[in-house]
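S.K.: Sharing a structure, written as structure tokens. Questions coming.
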Amino acid sequence: MNLTFRQLKVFEAVARLLNYTKAAKELHLSQPAVSMQIKLLEEHADTPLIEKLGKQLYLTEVGHEMYSYANNTMQQQIDLEETIAQMKTLQQGHLKLAVASTANHFVIRILGRFAKLHPKIRISLEVTNRSSLLEILDKNECDLVIMGLPPEGHNLTAVPFLENPLVVVSYPEHPMAAKQQISLKELARQEFVIRELGSGTRSAVERFFAEHSLEFKSKMDISNNRAIKHAAEEGLGLAIVSLHTLELELKAKTLQIINVEDFPIYRHWYVVQRNGKRLSPIATVFKDYIMKKADKLMQDFNMPAFNLNESQ
Ligand code: PGA
């Protein structure tokens with residue numbers, strides 16, 4: 001059956017009012033136009049929907065069934081219009097984000113502030129490493145991703161919004177911790193606990209060592225920043241991690257930043273989306289929020305900034 005939304009709408013009015021003239025008036029149509037739509041609908045259905053006995057209109061049995069469907073359809077249209085209006089005014093909406101494991105801590109703090117401004121929204125947050133984030137983007141499974149600079153060739157737009165310094169840390173009693181300035185050669189002789197292959201932090205560290213023609217020895221690969229910090233606290237090796245993961249350990253003084261030549265490795269955090277992605281209203285507002293407010297919020301949160309002496 002090839003019925004149209006317009007025919008259903010006309011039918012709903014006629015069936016509700018049981019009067020062609022009133023239905024025509026309500027719909028701002030002429031009465032013949034209303035009769036024509038009903039006739040076409042009956043042709044599609046191949047059965048009468050309305051009967052006239054004396055001067056009174058009645059719905060046939062199929063007409064009653066059609067009325068119930070038409071009613072639901074009209075209600076759905078009203079609901080849809082309301083939902084769109086609410087989404088546009090950010091009274092509701094579903095923000096789908098994915099973030100690099102390393103960014104998870106500060107992004108959640110930023111989301112805490114954002115959610116207070118938009119209390120009715122729902123948020124989905126996927127936390128994973130860089131290579132999985134690229135897959136999520138390739139499959140168009142979220143609105144926005146927060147990660148280090150993505151590679152070329154994935155058809156992505158990436159906008160930087162915050163510096164991401166990578167630093168070397170150890171437990172405070174480590175022999176390296178007391179030294180004033182450690183050369184890269186000396187650093188390269190140490191053993192490290194480091195993120196797994198596929199992590200953005202890991203590839204940045206490997207690139208840095210390769211650029212300085214040095215080898216880098218991983219004693220232990222760990223796929224989780226918290227476990228890496230724990231391993232460094234336990235003396236399993238030096239760790240190279242984003243400063244943004246160290247808020248608690250630096251405050252508690254269970255880890256200390258080591259003063260190494262050419263460190264920190266300066267990276268940036270980017271908001272990333274697929275080219276051509278049509279962002280929902282809430283995703284558009286969140287992107288704008290994080291780009292404009294991230295720097296200030298990091299200060300409000302008292303997140304560590306890179307200043308070796310203060311951090312120690
Ligand atoms: P991560 O960092 O994969 O090491 O958590 C993300 C990135 O730098 O892109």
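Ordering of the structure tokens sets the chain letters (A, B, ...); residue numbers start at 1 within each chain; ligands are numbered from 1 in the order shown.
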Please identify all polymer residues within 9 Å of Met176 in chain A, counting only C-alpha atoms, omitting same-chain residues fewer than 4 positions from it, and present them as a PDB file with all heavy atoms, in the first residue's frame.
M.R.:
ATOM      1  N   SER A 170      59.670   8.696  38.739  1.00  0.00           N
ATOM      2  CA  SER A 170      60.153   7.548  39.515  1.00  0.00           C
ATOM      3  C   SER A 170      59.633   7.717  40.943  1.00  0.00           C
ATOM      4  O   SER A 170      59.099   8.771  41.287  1.00  0.00           O
ATOM      5  CB  SER A 170      61.680   7.530  39.560  1.00  0.00           C
ATOM      6  OG  SER A 170      62.126   8.586  40.414  1.00  0.00           O
ATOM      7  N   PRO A 172      60.292   8.591  44.807  1.00  0.00           N
ATOM      8  CA  PRO A 172      61.182   9.687  45.232  1.00  0.00           C
ATOM      9  C   PRO A 172      62.580   9.243  45.652  1.00  0.00           C
ATOM     10  O   PRO A 172      63.529  10.008  45.514  1.00  0.00           O
ATOM     11  CB  PRO A 172      60.438  10.317  46.418  1.00  0.00           C
ATOM     12  CG  PRO A 172      59.028   9.905  46.257  1.00  0.00           C
ATOM     13  CD  PRO A 172      59.017   8.595  45.547  1.00  0.00           C
ATOM     14  N   GLN A 180      70.370  16.549  39.283  1.00  0.00           N
ATOM     15  CA  GLN A 180      69.928  17.844  38.783  1.00  0.00           C
ATOM     16  C   GLN A 180      69.474  17.777  37.325  1.00  0.00           C
ATOM     17  O   GLN A 180      68.423  18.235  36.966  1.00  0.00           O
ATOM     18  CB  GLN A 180      71.061  18.863  38.914  1.00  0.00           C
ATOM     19  CG  GLN A 180      71.150  19.491  40.291  1.00  0.00           C
ATOM     20  CD  GLN A 180      69.797  19.993  40.782  1.00  0.00           C
ATOM     21  OE1 GLN A 180      69.171  20.821  40.134  1.00  0.00           O
ATOM     22  NE2 GLN A 180      69.315  19.473  41.916  1.00  0.00           N
ATOM     23  N   ILE A 182      69.635  15.000  33.992  1.00  0.00           N
ATOM     24  CA  ILE A 182      70.061  13.690  33.488  1.00  0.00           C
ATOM     25  C   ILE A 182      70.111  13.750  31.970  1.00  0.00           C
ATOM     26  O   ILE A 182      69.186  14.276  31.329  1.00  0.00           O
ATOM     27  CB  ILE A 182      69.065  12.622  33.968  1.00  0.00           C
ATOM     28  CG1 ILE A 182      69.159  12.517  35.493  1.00  0.00           C
ATOM     29  CG2 ILE A 182      69.314  11.271  33.338  1.00  0.00           C
ATOM     30  CD1 ILE A 182      67.944  12.003  36.145  1.00  0.00           C
ATOM     31  N   LEU A 187      69.553   8.368  30.535  1.00  0.00           N
ATOM     32  CA  LEU A 187      68.162   7.901  30.634  1.00  0.00           C
ATOM     33  C   LEU A 187      67.985   6.589  29.876  1.00  0.00           C
ATOM     34  O   LEU A 187      67.322   5.670  30.353  1.00  0.00           O
ATOM     35  CB  LEU A 187      67.211   8.966  30.062  1.00  0.00           C
ATOM     36  CG  LEU A 187      65.737   8.616  30.193  1.00  0.00           C
ATOM     37  CD1 LEU A 187      65.262   8.804  31.639  1.00  0.00           C
ATOM     38  CD2 LEU A 187      64.871   9.454  29.257  1.00  0.00           C
ATOM     39  N   ILE A 258      61.353  13.490  37.069  1.00  0.00           N
ATOM     40  CA  ILE A 258      62.814  13.494  36.977  1.00  0.00           C
ATOM     41  C   ILE A 258      63.243  14.516  35.923  1.00  0.00           C
ATOM     42  O   ILE A 258      62.604  14.642  34.872  1.00  0.00           O
ATOM     43  CB  ILE A 258      63.295  12.088  36.588  1.00  0.00           C
ATOM     44  CG1 ILE A 258      62.959  11.145  37.735  1.00  0.00           C
ATOM     45  CG2 ILE A 258      64.763  12.053  36.294  1.00  0.00           C
ATOM     46  CD1 ILE A 258      63.544   9.792  37.546  1.00  0.00           C
ATOM     47  N   ASN A 259      64.329  15.198  36.235  1.00  0.00           N
ATOM     48  CA  ASN A 259      64.783  16.291  35.390  1.00  0.00           C
ATOM     49  C   ASN A 259      65.701  15.765  34.279  1.00  0.00           C
ATOM     50  O   ASN A 259      66.892  15.615  34.462  1.00  0.00           O
ATOM     51  CB  ASN A 259      65.536  17.292  36.288  1.00  0.00           C
ATOM     52  CG  ASN A 259      65.861  18.560  35.548  1.00  0.00           C
ATOM     53  OD1 ASN A 259      65.564  18.689  34.353  1.00  0.00           O
ATOM     54  ND2 ASN A 259      66.480  19.498  36.242  1.00  0.00           N
TER      55      ASN A 259
END
S.K.: Write out as a list of chain:residue names the residues lying within 8 Å of range 43-53 of chain A, counting only C-alpha atoms and excluding same-chain residues fewer than 2 positions away.
M.R.: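 Residues meeting the cut-off are A:Met1, A:Asn2, A:Leu3, A:Ala15, A:Lys39, A:Leu40, A:Leu41, A:Lys55, A:Gln56, A:Leu57, A:Tyr58, A:Leu59, A:Thr60, A:Glu61, A:Val62, A:Gly63, A:His64, A:Met66.
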S.K.: Just N, CA and C atoms for this one: save the residues we selected as a compact mmCIF listing (two decimals), in the first residue's frame.
M.R.:
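Wrote again.txt, looks like this:
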# COMPACT_ATOMS: atom_id res chain seq x y z
N MET A 1 0.84 -1.18 0.00
CA MET A 1 0.00 0.00 0.00
C MET A 1 0.89 1.25 0.00
N ASN A 2 0.51 2.20 -0.88
CA ASN A 2 1.41 3.33 -1.06
C ASN A 2 0.82 4.61 -0.48
N LEU A 3 0.35 4.55 0.78
CA LEU A 3 -0.30 5.75 1.31
C LEU A 3 0.73 6.79 1.75
N ALA A 15 -11.66 11.39 10.52
CA ALA A 15 -12.13 10.31 11.39
C ALA A 15 -12.40 10.84 12.81
N LYS A 39 -10.52 9.64 -0.76
CA LYS A 39 -10.80 8.72 -1.87
C LYS A 39 -9.51 7.98 -2.26
N LEU A 40 -8.41 8.76 -2.35
CA LEU A 40 -7.12 8.12 -2.72
C LEU A 40 -6.70 7.08 -1.67
N LEU A 41 -6.93 7.43 -0.42
CA LEU A 41 -6.56 6.51 0.66
C LEU A 41 -7.39 5.22 0.56
N LYS A 55 -27.26 11.51 7.35
CA LYS A 55 -26.32 12.63 7.25
C LYS A 55 -25.05 12.38 8.06
N GLN A 56 -25.01 11.25 8.73
CA GLN A 56 -23.92 11.01 9.69
C GLN A 56 -22.80 10.16 9.06
N LEU A 57 -21.56 10.57 9.33
CA LEU A 57 -20.41 9.77 8.87
C LEU A 57 -20.04 8.76 9.95
N TYR A 58 -19.64 7.56 9.53
CA TYR A 58 -19.18 6.52 10.45
C TYR A 58 -17.88 5.93 9.90
N LEU A 59 -17.06 5.42 10.78
CA LEU A 59 -15.86 4.68 10.32
C LEU A 59 -16.25 3.23 10.10
N THR A 60 -15.75 2.65 9.03
CA THR A 60 -15.94 1.20 8.84
C THR A 60 -14.98 0.48 9.80
N GLU A 61 -15.04 -0.85 9.79
CA GLU A 61 -14.15 -1.58 10.70
C GLU A 61 -12.68 -1.30 10.34
N VAL A 62 -12.40 -1.34 9.01
CA VAL A 62 -11.01 -1.04 8.59
C VAL A 62 -10.68 0.42 8.91
N GLY A 63 -11.72 1.29 8.76
CA GLY A 63 -11.54 2.71 9.08
C GLY A 63 -11.11 2.92 10.53
N HIS A 64 -11.72 2.13 11.44
CA HIS A 64 -11.34 2.23 12.86
C HIS A 64 -9.87 1.86 13.05
N MET A 66 -7.52 1.96 10.75
CA MET A 66 -6.70 3.00 10.11
C MET A 66 -6.60 4.22 11.03
S.K.: Could you pull out the residues in range 54-217 of chain A that DSSP calls helix (DSSP H, G or I) from the backbone, as a PyMOL selection string?
M.R.: chain A and resi 61-88+101-117+130-138+175-178+184-188+200-211
S.K.: If the limit is 10 Å from any atom of ligand 1, counting only C-alpha atoms and all ligand atoms, which residues qualify? Return them as a PyMOL selection string.
M.R.: chain A and resi 99-104+127-134+145-151+164+166+194-205+223-225+241-242+245+267-270
S.K.: May I have the selected residues written with C-alpha atoms, as a PDB file, in the first residue's frame?
M.R.:
ATOM      1  CA  VAL A  99      38.817   9.401  24.835  1.00  0.00           C
ATOM      2  CA  ALA A 100      42.374   8.185  25.027  1.00  0.00           C
ATOM      3  CA  SER A 101      43.025   6.279  28.258  1.00  0.00           C
ATOM      4  CA  THR A 102      45.567   8.949  29.140  1.00  0.00           C
ATOM      5  CA  ALA A 103      43.009  11.760  28.772  1.00  0.00           C
ATOM      6  CA  ASN A 104      40.266   9.996  30.698  1.00  0.00           C
ATOM      7  CA  VAL A 127      37.935   4.977  27.188  1.00  0.00           C
ATOM      8  CA  THR A 128      40.563   3.170  25.173  1.00  0.00           C
ATOM      9  CA  ASN A 129      43.957   3.514  23.522  1.00  0.00           C
ATOM     10  CA  ARG A 130      44.900   5.353  20.382  1.00  0.00           C
ATOM     11  CA  SER A 131      44.648   2.489  17.907  1.00  0.00           C
ATOM     12  CA  SER A 132      41.157   1.533  19.148  1.00  0.00           C
ATOM     13  CA  LEU A 133      40.103   5.192  18.942  1.00  0.00           C
ATOM     14  CA  LEU A 134      41.072   5.242  15.271  1.00  0.00           C
ATOM     15  CA  VAL A 145      37.221  11.703  20.102  1.00  0.00           C
ATOM     16  CA  ILE A 146      39.818  13.231  22.405  1.00  0.00           C
ATOM     17  CA  MET A 147      43.278  11.975  21.614  1.00  0.00           C
ATOM     18  CA  GLY A 148      46.790  12.893  20.469  1.00  0.00           C
ATOM     19  CA  LEU A 149      47.285  14.055  16.876  1.00  0.00           C
ATOM     20  CA  PRO A 150      45.751  11.357  14.643  1.00  0.00           C
ATOM     21  CA  PRO A 151      47.720  10.079  11.640  1.00  0.00           C
ATOM     22  CA  ASN A 164      50.047  17.321  26.795  1.00  0.00           C
ATOM     23  CA  LEU A 166      55.023  13.663  28.776  1.00  0.00           C
ATOM     24  CA  ILE A 194      55.650   1.776  29.537  1.00  0.00           C
ATOM     25  CA  ARG A 195      52.276   1.666  27.787  1.00  0.00           C
ATOM     26  CA  GLU A 196      51.355  -1.118  25.390  1.00  0.00           C
ATOM     27  CA  LEU A 197      51.841  -1.054  21.614  1.00  0.00           C
ATOM     28  CA  GLY A 198      48.902   0.847  20.138  1.00  0.00           C
ATOM     29  CA  SER A 199      49.088   3.561  22.808  1.00  0.00           C
ATOM     30  CA  GLY A 200      49.734   7.136  21.675  1.00  0.00           C
ATOM     31  CA  THR A 201      52.038   7.733  24.638  1.00  0.00           C
ATOM     32  CA  ARG A 202      54.071   4.655  23.704  1.00  0.00           C
ATOM     33  CA  SER A 203      54.476   5.694  20.076  1.00  0.00           C
ATOM     34  CA  ALA A 204      55.448   9.260  21.076  1.00  0.00           C
ATOM     35  CA  VAL A 205      58.143   7.901  23.400  1.00  0.00           C
ATOM     36  CA  SER A 223      47.993  -1.269  29.157  1.00  0.00           C
ATOM     37  CA  ASN A 224      46.820   1.007  31.943  1.00  0.00           C
ATOM     38  CA  ASN A 225      48.218   4.295  33.257  1.00  0.00           C
ATOM     39  CA  VAL A 241      53.514   9.301  31.233  1.00  0.00           C
ATOM     40  CA  SER A 242      51.387  12.338  30.532  1.00  0.00           C
ATOM     41  CA  THR A 245      47.723  11.408  34.737  1.00  0.00           C
ATOM     42  CA  ARG A 267      52.360  16.732  22.637  1.00  0.00           C
ATOM     43  CA  HIS A 268      48.846  18.152  22.338  1.00  0.00           C
ATOM     44  CA  TRP A 269      45.330  16.949  22.957  1.00  0.00           C
ATOM     45  CA  TYR A 270      43.007  17.223  19.977  1.00  0.00           C
TER      46      TYR A 270
END
S.K.: From the options A:Asn72, A:Val168, A:Phe209, A:Tyr266, which residue's atoms come nearest to Ile240 in chain A, counting only C-alpha atoms?
M.R.: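 Result for the nearest residue to Ile240 in chain A: A:Val168.
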S.K.: Which value, in Å to one decimal, gives the distance between CA of Ile228 in chain A and CA of Phe192 in chain A?
M.R.: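 Atom-to-atom, CA of Ile228 in chain A to CA of Phe192 in chain A, that is 9.6 Å.
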S.K.: What's around Leu144 in chain A at 10 Å? Count only C-alpha atoms, leave out sequence neighbours fewer than 2 positions away in its own chain, and write the answer as a list of chain:residue names.
M.R.: A:Leu95, A:Lys96, A:Leu97, A:Ala98, A:Val99, A:Ile136, A:Leu137, A:Asn140, A:Glu141, A:Cys142, A:Ile146, A:Met147, A:Ala158, A:Tyr270, A:Val271, A:Val272, A:Gln273, A:Arg274, A:Lys277, A:Leu279, A:Ala283, A:Thr284, A:Phe286, A:Lys287
S.K.: Report, in Å with one decimal, the straight-line distance from CA of Ile110 in chain A to CA of Asp138 in chain A.
M.R.: 25.4 Å
S.K.: Could you give me the residues within range 12-80 of chain A that DSSP places in strand (DSSP E or B), as a list of chain:residue names?
M.R.: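 Restricting range 12-80 of chain A to strand (DSSP E or B) produces A:Ile50, A:Glu51, A:Lys52, A:Leu53, A:Gln56, A:Leu57, A:Tyr58, A:Leu59.
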S.K.: Write to file, as a PDB file, in the first residue's frame, the residues of the selection just made, with C-alpha atoms.
M.R.:
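File written: again-v5.pdb
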ATOM      1  CA  ILE A  50     -15.774   5.912   5.940  1.00  0.00           C
ATOM      2  CA  GLU A  51     -19.513   5.392   5.324  1.00  0.00           C
ATOM      3  CA  LYS A  52     -22.355   7.884   5.313  1.00  0.00           C
ATOM      4  CA  LEU A  53     -25.669   6.733   6.752  1.00  0.00           C
ATOM      5  CA  GLN A  56     -23.924  11.006   9.688  1.00  0.00           C
ATOM      6  CA  LEU A  57     -20.407   9.766   8.873  1.00  0.00           C
ATOM      7  CA  TYR A  58     -19.178   6.518  10.453  1.00  0.00           C
ATOM      8  CA  LEU A  59     -15.862   4.681  10.323  1.00  0.00           C
TER       9      LEU A  59
END
S.K.: Might you pull out every residue within 12 Å of Lys217 in chain A, with only C-alpha atoms counted and same-chain residues fewer than 3 positions away left off, and present them as a PDB file with all heavy atoms, in the first residue's frame?
M.R.:
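Saved the output as around_14.pdb:
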ATOM      1  N   LEU A 187      69.553   8.368  30.535  1.00  0.00           N
ATOM      2  CA  LEU A 187      68.162   7.901  30.634  1.00  0.00           C
ATOM      3  C   LEU A 187      67.985   6.589  29.876  1.00  0.00           C
ATOM      4  O   LEU A 187      67.322   5.670  30.353  1.00  0.00           O
ATOM      5  CB  LEU A 187      67.211   8.966  30.062  1.00  0.00           C
ATOM      6  CG  LEU A 187      65.737   8.616  30.193  1.00  0.00           C
ATOM      7  CD1 LEU A 187      65.262   8.804  31.639  1.00  0.00           C
ATOM      8  CD2 LEU A 187      64.871   9.454  29.257  1.00  0.00           C
ATOM      9  N   ALA A 188      68.590   6.541  28.684  1.00  0.00           N
ATOM     10  CA  ALA A 188      68.409   5.358  27.834  1.00  0.00           C
ATOM     11  C   ALA A 188      68.995   4.095  28.466  1.00  0.00           C
ATOM     12  O   ALA A 188      68.652   2.990  28.060  1.00  0.00           O
ATOM     13  CB  ALA A 188      69.029   5.622  26.462  1.00  0.00           C
ATOM     14  N   ARG A 189      69.878   4.264  29.457  1.00  0.00           N
ATOM     15  CA  ARG A 189      70.432   3.072  30.131  1.00  0.00           C
ATOM     16  C   ARG A 189      69.464   2.505  31.173  1.00  0.00           C
ATOM     17  O   ARG A 189      69.658   1.424  31.680  1.00  0.00           O
ATOM     18  CB  ARG A 189      71.775   3.433  30.801  1.00  0.00           C
ATOM     19  CG  ARG A 189      72.918   3.583  29.797  1.00  0.00           C
ATOM     20  CD  ARG A 189      74.280   3.535  30.480  1.00  0.00           C
ATOM     21  NE  ARG A 189      74.571   4.734  31.250  1.00  0.00           N
ATOM     22  CZ  ARG A 189      75.102   5.858  30.735  1.00  0.00           C
ATOM     23  NH1 ARG A 189      75.421   5.918  29.450  1.00  0.00           N
ATOM     24  NH2 ARG A 189      75.345   6.897  31.501  1.00  0.00           N
ATOM     25  N   GLN A 190      68.422   3.254  31.464  1.00  0.00           N
ATOM     26  CA  GLN A 190      67.470   2.808  32.498  1.00  0.00           C
ATOM     27  C   GLN A 190      66.451   1.835  31.914  1.00  0.00           C
ATOM     28  O   GLN A 190      66.277   1.731  30.709  1.00  0.00           O
ATOM     29  CB  GLN A 190      66.718   4.027  33.067  1.00  0.00           C
ATOM     30  CG  GLN A 190      67.597   5.114  33.596  1.00  0.00           C
ATOM     31  CD  GLN A 190      68.425   4.644  34.783  1.00  0.00           C
ATOM     32  OE1 GLN A 190      67.900   4.064  35.714  1.00  0.00           O
ATOM     33  NE2 GLN A 190      69.732   4.895  34.729  1.00  0.00           N
ATOM     34  N   GLU A 191      65.744   1.180  32.825  1.00  0.00           N
ATOM     35  CA  GLU A 191      64.639   0.326  32.381  1.00  0.00           C
ATOM     36  C   GLU A 191      63.325   1.061  32.640  1.00  0.00           C
ATOM     37  O   GLU A 191      63.203   1.817  33.593  1.00  0.00           O
ATOM     38  CB  GLU A 191      64.660  -0.986  33.152  1.00  0.00           C
ATOM     39  CG  GLU A 191      65.824  -1.865  32.723  1.00  0.00           C
ATOM     40  CD  GLU A 191      65.772  -3.218  33.403  1.00  0.00           C
ATOM     41  OE1 GLU A 191      65.478  -3.267  34.609  1.00  0.00           O
ATOM     42  OE2 GLU A 191      66.034  -4.206  32.713  1.00  0.00           O
ATOM     43  N   PHE A 192      62.345   0.754  31.776  1.00  0.00           N
ATOM     44  CA  PHE A 192      61.080   1.501  31.845  1.00  0.00           C
ATOM     45  C   PHE A 192      59.876   0.582  32.003  1.00  0.00           C
ATOM     46  O   PHE A 192      59.867  -0.541  31.512  1.00  0.00           O
ATOM     47  CB  PHE A 192      60.874   2.315  30.557  1.00  0.00           C
ATOM     48  CG  PHE A 192      61.867   3.431  30.405  1.00  0.00           C
ATOM     49  CD1 PHE A 192      63.070   3.213  29.744  1.00  0.00           C
ATOM     50  CD2 PHE A 192      61.610   4.678  30.946  1.00  0.00           C
ATOM     51  CE1 PHE A 192      63.993   4.235  29.609  1.00  0.00           C
ATOM     52  CE2 PHE A 192      62.534   5.700  30.821  1.00  0.00           C
ATOM     53  CZ  PHE A 192      63.729   5.488  30.152  1.00  0.00           C
ATOM     54  N   VAL A 193      58.873   1.130  32.658  1.00  0.00           N
ATOM     55  CA  VAL A 193      57.537   0.528  32.544  1.00  0.00           C
ATOM     56  C   VAL A 193      56.773   1.464  31.624  1.00  0.00           C
ATOM     57  O   VAL A 193      56.762   2.683  31.826  1.00  0.00           O
ATOM     58  CB  VAL A 193      56.817   0.413  33.908  1.00  0.00           C
ATOM     59  CG1 VAL A 193      57.312  -0.768  34.685  1.00  0.00           C
ATOM     60  CG2 VAL A 193      56.937   1.674  34.749  1.00  0.00           C
ATOM     61  N   ILE A 194      56.172   0.903  30.590  1.00  0.00           N
ATOM     62  CA  ILE A 194      55.650   1.776  29.537  1.00  0.00           C
ATOM     63  C   ILE A 194      54.355   1.205  28.964  1.00  0.00           C
ATOM     64  O   ILE A 194      54.079   0.014  29.112  1.00  0.00           O
ATOM     65  CB  ILE A 194      56.739   1.971  28.433  1.00  0.00           C
ATOM     66  CG1 ILE A 194      56.344   3.031  27.397  1.00  0.00           C
ATOM     67  CG2 ILE A 194      57.093   0.661  27.750  1.00  0.00           C
ATOM     68  CD1 ILE A 194      56.606   4.431  27.833  1.00  0.00           C
ATOM     69  N   VAL A 205      56.872   8.165  22.722  1.00  0.00           N
ATOM     70  CA  VAL A 205      58.143   7.901  23.400  1.00  0.00           C
ATOM     71  C   VAL A 205      59.107   7.192  22.433  1.00  0.00           C
ATOM     72  O   VAL A 205      60.285   7.565  22.317  1.00  0.00           O
ATOM     73  CB  VAL A 205      57.910   7.040  24.675  1.00  0.00           C
ATOM     74  CG1 VAL A 205      59.228   6.574  25.256  1.00  0.00           C
ATOM     75  CG2 VAL A 205      57.119   7.843  25.706  1.00  0.00           C
ATOM     76  N   GLU A 206      58.605   6.219  21.708  1.00  0.00           N
ATOM     77  CA  GLU A 206      59.476   5.503  20.757  1.00  0.00           C
ATOM     78  C   GLU A 206      60.023   6.458  19.695  1.00  0.00           C
ATOM     79  O   GLU A 206      61.194   6.400  19.334  1.00  0.00           O
ATOM     80  CB  GLU A 206      58.689   4.359  20.097  1.00  0.00           C
ATOM     81  CG  GLU A 206      58.490   3.214  21.059  1.00  0.00           C
ATOM     82  CD  GLU A 206      57.772   2.025  20.434  1.00  0.00           C
ATOM     83  OE1 GLU A 206      57.092   2.210  19.411  1.00  0.00           O
ATOM     84  OE2 GLU A 206      57.881   0.934  20.986  1.00  0.00           O
ATOM     85  N   PHE A 209      62.803   8.670  21.220  1.00  0.00           N
ATOM     86  CA  PHE A 209      64.096   7.988  21.357  1.00  0.00           C
ATOM     87  C   PHE A 209      64.733   7.782  19.982  1.00  0.00           C
ATOM     88  O   PHE A 209      65.933   7.986  19.804  1.00  0.00           O
ATOM     89  CB  PHE A 209      63.919   6.658  22.100  1.00  0.00           C
ATOM     90  CG  PHE A 209      63.969   6.814  23.604  1.00  0.00           C
ATOM     91  CD1 PHE A 209      62.882   7.306  24.310  1.00  0.00           C
ATOM     92  CD2 PHE A 209      65.123   6.486  24.314  1.00  0.00           C
ATOM     93  CE1 PHE A 209      62.936   7.471  25.694  1.00  0.00           C
ATOM     94  CE2 PHE A 209      65.186   6.653  25.698  1.00  0.00           C
ATOM     95  CZ  PHE A 209      64.087   7.154  26.394  1.00  0.00           C
ATOM     96  N   LEU A 214      68.554   6.848  19.915  1.00  0.00           N
ATOM     97  CA  LEU A 214      68.770   6.055  21.136  1.00  0.00           C
ATOM     98  C   LEU A 214      67.782   4.893  21.171  1.00  0.00           C
ATOM     99  O   LEU A 214      66.692   4.970  20.597  1.00  0.00           O
ATOM    100  CB  LEU A 214      68.556   6.932  22.381  1.00  0.00           C
ATOM    101  CG  LEU A 214      69.617   8.002  22.638  1.00  0.00           C
ATOM    102  CD1 LEU A 214      69.147   8.975  23.709  1.00  0.00           C
ATOM    103  CD2 LEU A 214      70.934   7.354  23.061  1.00  0.00           C
ATOM    104  N   MET A 220      58.663  -3.613  31.214  1.00  0.00           N
ATOM    105  CA  MET A 220      57.296  -4.089  31.405  1.00  0.00           C
ATOM    106  C   MET A 220      56.342  -3.227  30.580  1.00  0.00           C
ATOM    107  O   MET A 220      56.368  -1.999  30.695  1.00  0.00           O
ATOM    108  CB  MET A 220      56.977  -3.944  32.901  1.00  0.00           C
ATOM    109  CG  MET A 220      55.863  -4.773  33.403  1.00  0.00           C
ATOM    110  SD  MET A 220      55.912  -4.601  35.221  1.00  0.00           S
ATOM    111  CE  MET A 220      54.369  -5.349  35.606  1.00  0.00           C
ATOM    112  N   ASP A 221      55.534  -3.879  29.725  1.00  0.00           N
ATOM    113  CA  ASP A 221      54.485  -3.150  28.998  1.00  0.00           C
ATOM    114  C   ASP A 221      53.196  -3.292  29.791  1.00  0.00           C
ATOM    115  O   ASP A 221      52.815  -4.399  30.151  1.00  0.00           O
ATOM    116  CB  ASP A 221      54.239  -3.778  27.621  1.00  0.00           C
ATOM    117  CG  ASP A 221      55.395  -3.537  26.663  1.00  0.00           C
ATOM    118  OD1 ASP A 221      56.451  -3.067  27.110  1.00  0.00           O
ATOM    119  OD2 ASP A 221      55.215  -3.842  25.477  1.00  0.00           O
ATOM    120  N   GLY A 237      60.594   0.240  37.403  1.00  0.00           N
ATOM    121  CA  GLY A 237      61.272   0.969  36.326  1.00  0.00           C
ATOM    122  C   GLY A 237      60.827   2.410  36.340  1.00  0.00           C
ATOM    123  O   GLY A 237      59.921   2.793  37.100  1.00  0.00           O
ATOM    124  N   LEU A 238      61.460   3.226  35.492  1.00  0.00           N
ATOM    125  CA  LEU A 238      60.990   4.603  35.328  1.00  0.00           C
ATOM    126  C   LEU A 238      59.762   4.570  34.427  1.00  0.00           C
ATOM    127  O   LEU A 238      59.641   3.700  33.566  1.00  0.00           O
ATOM    128  CB  LEU A 238      62.069   5.454  34.656  1.00  0.00           C
ATOM    129  CG  LEU A 238      63.420   5.566  35.375  1.00  0.00           C
ATOM    130  CD1 LEU A 238      64.371   6.431  34.543  1.00  0.00           C
ATOM    131  CD2 LEU A 238      63.230   6.169  36.765  1.00  0.00           C
ATOM    132  N   ALA A 239      58.879   5.523  34.629  1.00  0.00           N
ATOM    133  CA  ALA A 239      57.705   5.580  33.755  1.00  0.00           C
ATOM    134  C   ALA A 239      57.727   6.882  32.972  1.00  0.00           C
ATOM    135  O   ALA A 239      58.209   7.906  33.475  1.00  0.00           O
ATOM    136  CB  ALA A 239      56.438   5.504  34.596  1.00  0.00           C
TER     137      ALA A 239
END
S.K.: Just to confirm, what's the straight-line distance from CA of Ser213 in chain A to CA of Pro165 in chain A in Å (one decimal)?
M.R.: 21.0 Å
S.K.: Out of A:Leu297, A:Val260, A:Glu215, A:Tyr289, which residue has the shortest atom-to-atom distance to Ser183 in chain A when counting only C-alpha atoms?
M.R.: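 Result for the nearest residue to Ser183 in chain A: A:Val260.
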S.K.: Mind checking which residues fall within 10 Å of range 81-84 of chain A, counting only C-alpha atoms, ignoring those fewer than 6 positions away in the same chain, and posting them as a ChimeraX atom specification?
M.R.: /A:75,90-93,281
S.K.: With only C-alpha atoms as the counted atoms, please give the residues lying no more than 10 Å from Ala13 in chain A, apart from itself and same-chain residues fewer than 4 positions off, as an NGL selection string.
M.R.: :A and (8-9 or 17-20 or 22-24 or 26-27 or 34 or 67 or 70-71)
